[in-house]
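Data from model-v9.pdb: PDB, C-alpha atoms
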ATOM      1  CA  MET A  86     231.444  59.827  51.309  1.00  0.00           C
ATOM      2  CA  LEU A  87     228.092  60.592  49.642  1.00  0.00           C
ATOM      3  CA  ALA A  88     226.143  58.759  52.328  1.00  0.00           C
ATOM      4  CA  GLU A  89     227.813  61.013  54.928  1.00  0.00           C
ATOM      5  CA  LEU A  90     226.819  64.176  53.060  1.00  0.00           C
ATOM      6  CA  LEU A  91     223.433  63.191  51.663  1.00  0.00           C
ATOM      7  CA  THR A  92     221.145  62.233  54.535  1.00  0.00           C
ATOM      8  CA  ALA A  93     217.425  62.429  55.273  1.00  0.00           C
ATOM      9  CA  ASP A  94     218.089  65.987  56.523  1.00  0.00           C
ATOM     10  CA  THR A  95     219.643  67.130  53.244  1.00  0.00           C
ATOM     11  CA  ILE A  96     217.382  65.397  50.710  1.00  0.00           C
ATOM     12  CA  GLN A  97     214.056  66.847  49.585  1.00  0.00           C
ATOM     13  CA  VAL A  98     211.416  65.566  47.180  1.00  0.00           C
ATOM     14  CA  VAL A  99     209.108  68.339  45.994  1.00  0.00           C
ATOM     15  CA  ASP A 100     205.992  68.241  43.868  1.00  0.00           C
ATOM     16  CA  ASN A 101     206.660  71.396  41.912  1.00  0.00           C
ATOM     17  CA  HIS A 102     204.464  73.493  39.668  1.00  0.00           C
ATOM     18  CA  ASP A 103     205.574  76.829  38.247  1.00  0.00           C
ATOM     19  CA  LEU A 104     208.938  76.695  40.023  1.00  0.00           C
ATOM     20  CA  SER A 105     211.631  78.715  38.280  1.00  0.00           C
ATOM     21  CA  TRP A 106     215.157  77.385  37.898  1.00  0.00           C
ATOM     22  CA  GLU A 107     216.334  80.095  40.316  1.00  0.00           C
ATOM     23  CA  ASP A 108     213.767  78.964  42.886  1.00  0.00           C
ATOM     24  CA  ALA A 109     214.887  75.350  42.407  1.00  0.00           C
ATOM     25  CA  ILE A 110     218.523  76.262  43.096  1.00  0.00           C
ATOM     26  CA  ALA A 111     217.515  78.245  46.181  1.00  0.00           C
ATOM     27  CA  LEU A 112     215.310  75.401  47.396  1.00  0.00           C
ATOM     28  CA  SER A 113     218.062  72.826  46.821  1.00  0.00           C
ATOM     29  CA  ALA A 114     220.347  74.811  49.143  1.00  0.00           C
ATOM     30  CA  GLN A 115     217.850  75.273  51.985  1.00  0.00           C
ATOM     31  CA  PRO A 116     219.029  72.286  54.068  1.00  0.00           C
ATOM     32  CA  LEU A 117     222.611  73.599  53.961  1.00  0.00           C
ATOM     33  CA  LEU A 118     221.455  77.095  54.890  1.00  0.00           C
ATOM     34  CA  LYS A 119     219.368  75.737  57.755  1.00  0.00           C
ATOM     35  CA  GLN A 120     222.373  73.769  59.071  1.00  0.00           C
ATOM     36  CA  GLY A 121     224.625  76.833  58.843  1.00  0.00           C
ATOM     37  CA  LYS A 122     226.909  75.185  56.299  1.00  0.00           C
ATOM     38  CA  ILE A 123     226.336  78.049  53.870  1.00  0.00           C
ATOM     39  CA  GLU A 124     225.284  81.673  54.096  1.00  0.00           C
ATOM     40  CA  ALA A 125     222.380  83.156  52.123  1.00  0.00           C
ATOM     41  CA  ARG A 126     224.811  84.948  49.817  1.00  0.00           C
ATOM     42  CA  TYR A 127     226.037  81.540  48.584  1.00  0.00           C
ATOM     43  CA  ILE A 128     222.606  80.902  47.057  1.00  0.00           C
ATOM     44  CA  ASP A 129     222.702  84.240  45.235  1.00  0.00           C
ATOM     45  CA  SER A 130     226.188  83.457  44.004  1.00  0.00           C
ATOM     46  CA  MET A 131     225.146  80.056  42.608  1.00  0.00           C
ATOM     47  CA  ILE A 132     222.286  81.672  40.679  1.00  0.00           C
ATOM     48  CA  ASP A 133     224.512  84.515  39.447  1.00  0.00           C
ATOM     49  CA  LYS A 134     227.104  82.004  38.192  1.00  0.00           C
ATOM     50  CA  VAL A 135     224.488  80.359  35.948  1.00  0.00           C
ATOM     51  CA  LYS A 136     223.283  83.752  34.694  1.00  0.00           C
ATOM     52  CA  ASN A 137     226.867  84.812  33.939  1.00  0.00           C
ATOM     53  CA  PHE A 138     228.358  81.557  32.619  1.00  0.00           C
ATOM     54  CA  GLY A 139     225.390  79.633  31.230  1.00  0.00           C
ATOM     55  CA  PRO A 140     223.982  76.212  32.145  1.00  0.00           C
ATOM     56  CA  PHE A 141     227.390  74.698  33.040  1.00  0.00           C
ATOM     57  CA  ILE A 142     225.840  73.159  36.175  1.00  0.00           C
ATOM     58  CA  ASN A 143     223.796  70.800  33.938  1.00  0.00           C
ATOM     59  CA  ILE A 144     226.149  67.840  34.434  1.00  0.00           C
ATOM     60  CA  GLY A 145     224.054  65.038  33.000  1.00  0.00           C
ATOM     61  CA  ASP A 146     220.652  63.931  31.855  1.00  0.00           C
ATOM     62  CA  HIS A 147     218.192  65.898  34.037  1.00  0.00           C
ATOM     63  CA  VAL A 148     220.913  66.574  36.654  1.00  0.00           C
ATOM     64  CA  ALA A 149     222.364  69.882  37.775  1.00  0.00           C
ATOM     65  CA  MET A 150     224.981  70.619  40.393  1.00  0.00           C
ATOM     66  CA  PRO A 151     224.663  74.210  41.554  1.00  0.00           C
ATOM     67  CA  HIS A 152     227.758  75.477  43.343  1.00  0.00           C
ATOM     68  CA  ALA A 153     229.908  78.551  43.769  1.00  0.00           C
ATOM     69  CA  ARG A 154     233.298  79.436  45.231  1.00  0.00           C
ATOM     70  CA  PRO A 155     234.066  78.695  48.899  1.00  0.00           C
ATOM     71  CA  GLU A 156     234.594  82.400  49.571  1.00  0.00           C
ATOM     72  CA  ASP A 157     231.041  83.088  48.351  1.00  0.00           C
ATOM     73  CA  GLY A 158     229.622  81.934  51.674  1.00  0.00           C
ATOM     74  CA  VAL A 159     230.619  78.362  52.536  1.00  0.00           C
ATOM     75  CA  ASN A 160     231.155  77.686  56.237  1.00  0.00           C
ATOM     76  CA  GLU A 161     231.454  73.901  56.108  1.00  0.00           C
ATOM     77  CA  VAL A 162     231.482  71.181  53.453  1.00  0.00           C
ATOM     78  CA  GLY A 163     228.010  69.991  52.564  1.00  0.00           C
ATOM     79  CA  MET A 164     225.795  68.546  49.895  1.00  0.00           C
ATOM     80  CA  ALA A 165     222.035  68.639  49.471  1.00  0.00           C
ATOM     81  CA  LEU A 166     219.769  66.976  46.942  1.00  0.00           C
ATOM     82  CA  LEU A 167     216.469  68.237  45.584  1.00  0.00           C
ATOM     83  CA  LYS A 168     214.313  65.914  43.469  1.00  0.00           C
ATOM     84  CA  LEU A 169     211.482  67.646  41.608  1.00  0.00           C
ATOM     85  CA  THR A 170     208.468  65.832  40.182  1.00  0.00           C
ATOM     86  CA  ASN A 171     208.584  68.080  37.092  1.00  0.00           C
ATOM     87  CA  ASP A 172     211.561  69.366  35.162  1.00  0.00           C
ATOM     88  CA  VAL A 173     212.615  72.990  35.281  1.00  0.00           C
ATOM     89  CA  ASN A 174     214.630  74.397  32.388  1.00  0.00           C
ATOM     90  CA  LEU A 175     217.927  76.023  33.304  1.00  0.00           C
ATOM     91  CA  LEU A 176     217.967  79.582  31.972  1.00  0.00           C
ATOM     92  CA  ASP A 177     214.454  78.780  30.694  1.00  0.00           C
ATOM     93  CA  ASP A 178     216.103  76.785  27.895  1.00  0.00           C
ATOM     94  CA  GLU A 179     214.299  73.587  26.862  1.00  0.00           C
ATOM     95  CA  LYS A 180     217.695  72.054  26.028  1.00  0.00           C
ATOM     96  CA  HIS A 181     218.469  71.930  29.755  1.00  0.00           C
ATOM     97  CA  PRO A 182     215.621  70.193  31.618  1.00  0.00           C
ATOM     98  CA  VAL A 183     216.531  69.299  35.205  1.00  0.00           C
ATOM     99  CA  ASN A 184     214.662  67.485  37.955  1.00  0.00           C
ATOM    100  CA  LEU A 185     217.594  66.538  40.181  1.00  0.00           C
ATOM    101  CA  PHE A 186     219.576  69.342  41.801  1.00  0.00           C
ATOM    102  CA  ILE A 187     222.632  68.406  43.833  1.00  0.00           C
ATOM    103  CA  CYS A 188     223.858  71.469  45.664  1.00  0.00           C
ATOM    104  CA  LEU A 189     227.544  71.346  46.571  1.00  0.00           C
ATOM    105  CA  ALA A 190     229.276  73.510  49.157  1.00  0.00           C
ATOM    106  CA  ALA A 191     232.998  72.927  49.581  1.00  0.00           C
ATOM    107  CA  VAL A 192     235.433  74.763  51.801  1.00  0.00           C
ATOM    108  CA  ASP A 193     238.451  73.934  49.641  1.00  0.00           C
ATOM    109  CA  ASN A 194     239.464  72.107  46.470  1.00  0.00           C
ATOM    110  CA  ASP A 195     240.316  68.899  48.346  1.00  0.00           C
ATOM    111  CA  ALA A 196     236.821  68.525  49.823  1.00  0.00           C
ATOM    112  CA  HIS A 197     235.331  69.630  46.505  1.00  0.00           C
ATOM    113  CA  LEU A 198     237.217  66.974  44.546  1.00  0.00           C
ATOM    114  CA  ARG A 199     236.448  64.146  47.000  1.00  0.00           C
ATOM    115  CA  ALA A 200     232.729  64.973  46.903  1.00  0.00           C
ATOM    116  CA  LEU A 201     232.782  65.266  43.119  1.00  0.00           C
ATOM    117  CA  ALA A 202     234.593  61.950  42.717  1.00  0.00           C
ATOM    118  CA  SER A 203     231.959  60.120  44.776  1.00  0.00           C
ATOM    119  CA  LEU A 204     229.145  61.838  42.933  1.00  0.00           C
ATOM    120  CA  THR A 205     230.669  61.235  39.500  1.00  0.00           C
ATOM    121  CA  LYS A 206     231.073  57.538  40.271  1.00  0.00           C
ATOM    122  CA  LEU A 207     227.386  57.320  41.169  1.00  0.00           C
ATOM    123  CA  LEU A 208     226.048  59.415  38.278  1.00  0.00           C
ATOM    124  CA  SER A 209     228.200  57.693  35.647  1.00  0.00           C
ATOM    125  CA  GLN A 210     226.108  54.540  36.035  1.00  0.00           C
ATOM    126  CA  LYS A 211     223.167  55.000  33.646  1.00  0.00           C
ATOM    127  CA  ASP A 212     220.838  52.697  35.579  1.00  0.00           C
ATOM    128  CA  VAL A 213     221.575  54.498  38.866  1.00  0.00           C
ATOM    129  CA  LEU A 214     221.094  57.890  37.237  1.00  0.00           C
ATOM    130  CA  GLN A 215     217.749  56.765  35.812  1.00  0.00           C
ATOM    131  CA  ARG A 216     216.639  55.505  39.228  1.00  0.00           C
ATOM    132  CA  LEU A 217     217.667  58.779  40.880  1.00  0.00           C
ATOM    133  CA  THR A 218     215.808  60.949  38.373  1.00  0.00           C
ATOM    134  CA  SER A 219     212.660  58.849  38.675  1.00  0.00           C
ATOM    135  CA  ALA A 220     212.727  58.331  42.464  1.00  0.00           C
ATOM    136  CA  GLN A 221     209.602  59.481  44.306  1.00  0.00           C
ATOM    137  CA  SER A 222     210.688  59.637  47.953  1.00  0.00           C
ATOM    138  CA  VAL A 223     213.529  60.565  50.269  1.00  0.00           C
ATOM    139  CA  ASP A 224     213.795  56.930  51.394  1.00  0.00           C
ATOM    140  CA  GLU A 225     214.106  55.747  47.796  1.00  0.00           C
ATOM    141  CA  LEU A 226     216.834  58.311  47.074  1.00  0.00           C
ATOM    142  CA  LEU A 227     218.704  57.396  50.268  1.00  0.00           C
ATOM    143  CA  ALA A 228     218.625  53.699  49.353  1.00  0.00           C
ATOM    144  CA  ILE A 229     220.077  54.407  45.887  1.00  0.00           C
ATOM    145  CA  ILE A 230     222.805  56.664  47.324  1.00  0.00           C
ATOM    146  CA  ASN A 231     223.729  54.148  50.025  1.00  0.00           C
ATOM    147  CA  GLU A 232     223.915  51.314  47.467  1.00  0.00           C
ATOM    148  CA  GLY A 233     226.195  53.455  45.314  1.00  0.00           C
ATOM    149  CA  ASP A 234     228.423  54.370  48.230  1.00  0.00           C
ATOM    150  CA  GLU A 235     228.925  50.710  49.108  1.00  0.00           C
ATOM    151  CA  ALA A 236     229.786  49.709  45.534  1.00  0.00           C
TER     152      ALA A 236
END
Take the structure in the file and give it back as structure tokens.
Amino acid sequence: MLAELLTADTIQVVDNHDLSWEDAIALSAQPLLKQGKIEARYIDSMIDKVKNFGPFINIGDHVAMPHARPEDGVNEVGMALLKLTNDVNLLDDEKHPVNLFICLAAVDNDAHLRALASLTKLLSQKDVLQRLTSAQSVDELLAIINEGDEA
């Protein structure tokens, strides 16, 4: 399922300097916005959720999964991945450095859970996670995701 959602059109690798965590979340969602899978208000909602509930989107070592509720502006299920060359700290807290943002947009709990299950399977493998967080190109990220989807 991940290989269907994460494609060359939804993966970005960005050499970032002075990017805030809010900017990183917004940037991670841009492919979904461009494809019409989400509305602009979904991005605001994802950022507001972190401000209101803390760094709960920090789901692993250097990995965050920004998301919000379907009714906050999701038109179609989608996932986008942003790999940064430098960490950004969620809520400007050094305890939450992130360089891999996986933006999730789900229209319902069923789609949400299927996408999460595929992602969790991939991220639970320490070697795969390390390769993802150190990848330098879209092609490299795609290869890792496709390998994980086949496993």
Residues picked by the PyMOL selection byres ((chain A and resi 98) around 9) here, as a JSON list (two decimals) with C-alpha atoms, in the frame of the given file?
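Result saved to out.json:
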[["chain", "number", "residue", "atom", "x", "y", "z"],
["A", 96, "ILE", "CA", 217.38, 65.40, 50.71],
["A", 97, "GLN", "CA", 214.06, 66.85, 49.58],
["A", 99, "VAL", "CA", 209.11, 68.34, 45.99],
["A", 100, "ASP", "CA", 205.99, 68.24, 43.87],
["A", 166, "LEU", "CA", 219.77, 66.98, 46.94],
["A", 167, "LEU", "CA", 216.47, 68.24, 45.58],
["A", 168, "LYS", "CA", 214.31, 65.91, 43.47],
["A", 169, "LEU", "CA", 211.48, 67.65, 41.61],
["A", 170, "THR", "CA", 208.47, 65.83, 40.18],
["A", 220, "ALA", "CA", 212.73, 58.33, 42.46],
["A", 221, "GLN", "CA", 209.60, 59.48, 44.31],
["A", 222, "SER", "CA", 210.69, 59.64, 47.95],
["A", 223, "VAL", "CA", 213.53, 60.56, 50.27]]
Name every residue that the PyMOL selection byres ((chain A and resi 107) around 12) selects in this structure, writing the answer as a PyMOL selection string with chains first and numbers rising.
-> chain A and resi 103-106+108-114+128-136+140+151+173-177+183+186
Point-to-point distance from atom CA of A:Arg199 to atom CA of A:Ser219, Å rounded to tenths =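 Atom-to-atom, atom CA of A:Arg199 and atom CA of A:Ser219 are spaced 25.8 Å apart.
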May I ask which of the residues A:Arg154, A:Ala93, A:Asp224, A:Leu87 is the closest one to A:Thr205, counting all atoms listed in the file?
-> A:Leu87
Atomic distance atom CA of A:Asn143 - atom CA of A:Gln215, expressed in Å with one decimal |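 Spanning atom CA of A:Asn143 to atom CA of A:Gln215 is a straight-line distance of 15.4 Å.
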In Å to one decimal, how far is atom CA of A:Met86 from atom CA of A:Gln115?
->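 So the answer is 20.6 Å.
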Go through the shown structure with the PyMOL selection byres ((chain A and resi 122-126) around 9) and write out the matching residues as a list in words.
->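 Evaluating the PyMOL selection byres ((chain A and resi 122-126) around 9) on these coordinates yields Ala114, Pro116, Leu117, Leu118, Lys119, Gln120, Gly121, Tyr127, Ile128, Asp129, Ser130, Met131, Asp157, Gly158, Val159, Asn160, Glu161, Val162, Gly163 and Ala190 of chain A.
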Pick out the residues sitting within 6 Å of A:Ala165, and hand them over as a list in words; count all atoms listed in the file, and ignore anything fewer than 3 positions along from it in its own chain.
->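 In the requested form, the answer reads Thr95, Ile96, Ile187 and Cys188 of chain A.
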Could the residues in this selection be saved with C-alpha atoms as a PDB file, in the frame of the given file?
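File written: again29.pdb
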ATOM      1  CA  THR A  95     219.643  67.130  53.244  1.00  0.00           C
ATOM      2  CA  ILE A  96     217.382  65.397  50.710  1.00  0.00           C
ATOM      3  CA  ILE A 187     222.632  68.406  43.833  1.00  0.00           C
ATOM      4  CA  CYS A 188     223.858  71.469  45.664  1.00  0.00           C
TER       5      CYS A 188
END
Box centre and edge lengths (Å, one decimal), axis-aligned, stretch 193-203 of chain A plus 6 Å each side, as AutoDock Vina command-line options:
--center_x 236.1 --center_y 67.0 --center_z 46.3 --size_x 20.4 --size_y 25.8 --size_z 19.1
Find, counting all atoms listed in the file, the residue in A:Met150, A:Leu204, A:Ile144, A:Leu91 that gets nearest to A:Leu189.
->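 Nearest to A:Leu189: A:Met150.
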Using all atoms listed in the file, pick whichever of A:Leu198, A:Ile230, A:Gln210, A:His181 has the shortest atom-to-atom distance to A:Val148.
-> A:His181
With distances taken over only C-alpha atoms, which of A:Ala149, A:Glu156, A:Leu90, A:Ile142 is nearest to A:Asn194?
->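 Of the candidates, the smallest distance to A:Asn194 is held by A:Glu156.
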Missing atoms of stretch 148-159 of chain A rebuilt to all heavy atoms, written as an mmCIF file, in the coordinates of the input:
data_model
loop_
_atom_site.group_PDB
_atom_site.id
_atom_site.type_symbol
_atom_site.label_atom_id
_atom_site.label_comp_id
_atom_site.auth_asym_id
_atom_site.auth_seq_id
_atom_site.Cartn_x
_atom_site.Cartn_y
_atom_site.Cartn_z
ATOM 1 N N VAL A 148 220.186 66.353 35.397
ATOM 2 C CA VAL A 148 220.913 66.574 36.654
ATOM 3 C C VAL A 148 221.697 67.884 36.586
ATOM 4 O O VAL A 148 222.375 68.160 35.604
ATOM 5 C CB VAL A 148 221.906 65.417 36.929
ATOM 6 C CG1 VAL A 148 222.656 65.655 38.233
ATOM 7 C CG2 VAL A 148 221.188 64.081 36.965
ATOM 8 N N ALA A 149 221.579 68.652 37.660
ATOM 9 C CA ALA A 149 222.364 69.882 37.775
ATOM 10 C C ALA A 149 223.056 69.904 39.125
ATOM 11 O O ALA A 149 222.528 69.390 40.117
ATOM 12 C CB ALA A 149 221.468 71.111 37.627
ATOM 13 N N MET A 150 224.249 70.489 39.149
ATOM 14 C CA MET A 150 224.981 70.619 40.393
ATOM 15 C C MET A 150 225.323 72.098 40.625
ATOM 16 O O MET A 150 226.395 72.571 40.272
ATOM 17 C CB MET A 150 226.249 69.790 40.408
ATOM 18 C CG MET A 150 226.881 69.833 41.773
ATOM 19 S SD MET A 150 228.197 68.653 42.077
ATOM 20 C CE MET A 150 229.074 68.586 40.582
ATOM 21 N N PRO A 151 224.368 72.816 41.241
ATOM 22 C CA PRO A 151 224.663 74.210 41.554
ATOM 23 C C PRO A 151 225.756 74.303 42.617
ATOM 24 O O PRO A 151 225.759 73.544 43.584
ATOM 25 C CB PRO A 151 223.326 74.755 42.076
ATOM 26 C CG PRO A 151 222.451 73.587 42.321
ATOM 27 C CD PRO A 151 223.031 72.414 41.618
ATOM 28 N N HIS A 152 226.681 75.233 42.391
ATOM 29 C CA HIS A 152 227.758 75.477 43.343
ATOM 30 C C HIS A 152 228.396 76.823 43.027
ATOM 31 O O HIS A 152 228.161 77.392 41.959
ATOM 32 C CB HIS A 152 228.803 74.357 43.285
ATOM 33 C CG HIS A 152 229.454 74.217 41.942
ATOM 34 N ND1 HIS A 152 228.810 73.647 40.856
ATOM 35 C CD2 HIS A 152 230.673 74.599 41.496
ATOM 36 C CE1 HIS A 152 229.623 73.674 39.806
ATOM 37 N NE2 HIS A 152 230.748 74.258 40.165
ATOM 38 N N ALA A 153 229.162 77.305 43.957
ATOM 39 C CA ALA A 153 229.908 78.551 43.769
ATOM 40 C C ALA A 153 231.244 78.390 44.489
ATOM 41 O O ALA A 153 231.583 77.300 44.957
ATOM 42 C CB ALA A 153 229.099 79.733 44.305
ATOM 43 N N ARG A 154 231.978 79.465 44.601
ATOM 44 C CA ARG A 154 233.298 79.436 45.231
ATOM 45 C C ARG A 154 233.158 79.372 46.757
ATOM 46 O O ARG A 154 232.205 79.918 47.312
ATOM 47 C CB ARG A 154 234.092 80.676 44.853
ATOM 48 C CG ARG A 154 234.249 80.905 43.373
ATOM 49 C CD ARG A 154 235.366 80.141 42.722
ATOM 50 N NE ARG A 154 236.574 80.230 43.516
ATOM 51 C CZ ARG A 154 237.467 79.244 43.598
ATOM 52 N NH1 ARG A 154 237.270 78.123 42.965
ATOM 53 N NH2 ARG A 154 238.542 79.378 44.334
ATOM 54 N N PRO A 155 234.109 78.750 47.431
ATOM 55 C CA PRO A 155 234.066 78.695 48.899
ATOM 56 C C PRO A 155 233.934 80.071 49.543
ATOM 57 O O PRO A 155 233.184 80.242 50.514
ATOM 58 C CB PRO A 155 235.398 78.040 49.275
ATOM 59 C CG PRO A 155 235.766 77.217 48.077
ATOM 60 C CD PRO A 155 235.251 77.996 46.886
ATOM 61 N N GLU A 156 234.621 81.049 48.995
ATOM 62 C CA GLU A 156 234.594 82.400 49.571
ATOM 63 C C GLU A 156 233.259 83.120 49.348
ATOM 64 O O GLU A 156 233.031 84.204 49.876
ATOM 65 C CB GLU A 156 235.760 83.245 49.043
ATOM 66 C CG GLU A 156 235.773 83.465 47.548
ATOM 67 C CD GLU A 156 236.546 82.412 46.747
ATOM 68 O OE1 GLU A 156 236.803 81.294 47.262
ATOM 69 O OE2 GLU A 156 236.870 82.715 45.584
ATOM 70 N N ASP A 157 232.360 82.500 48.592
ATOM 71 C CA ASP A 157 231.041 83.088 48.351
ATOM 72 C C ASP A 157 230.031 82.773 49.456
ATOM 73 O O ASP A 157 228.847 83.063 49.306
ATOM 74 C CB ASP A 157 230.485 82.620 46.997
ATOM 75 C CG ASP A 157 231.269 83.177 45.816
ATOM 76 O OD1 ASP A 157 231.889 84.248 45.953
ATOM 77 O OD2 ASP A 157 231.273 82.524 44.751
ATOM 78 N N GLY A 158 230.515 82.159 50.542
ATOM 79 C CA GLY A 158 229.622 81.934 51.674
ATOM 80 C C GLY A 158 229.534 80.508 52.180
ATOM 81 O O GLY A 158 228.521 80.117 52.743
ATOM 82 N N VAL A 159 230.602 79.726 52.005
ATOM 83 C CA VAL A 159 230.619 78.362 52.536
ATOM 84 C C VAL A 159 231.281 78.373 53.908
ATOM 85 O O VAL A 159 232.383 78.893 54.069
ATOM 86 C CB VAL A 159 231.383 77.390 51.601
ATOM 87 C CG1 VAL A 159 231.455 75.990 52.215
ATOM 88 C CG2 VAL A 159 230.733 77.331 50.234
#
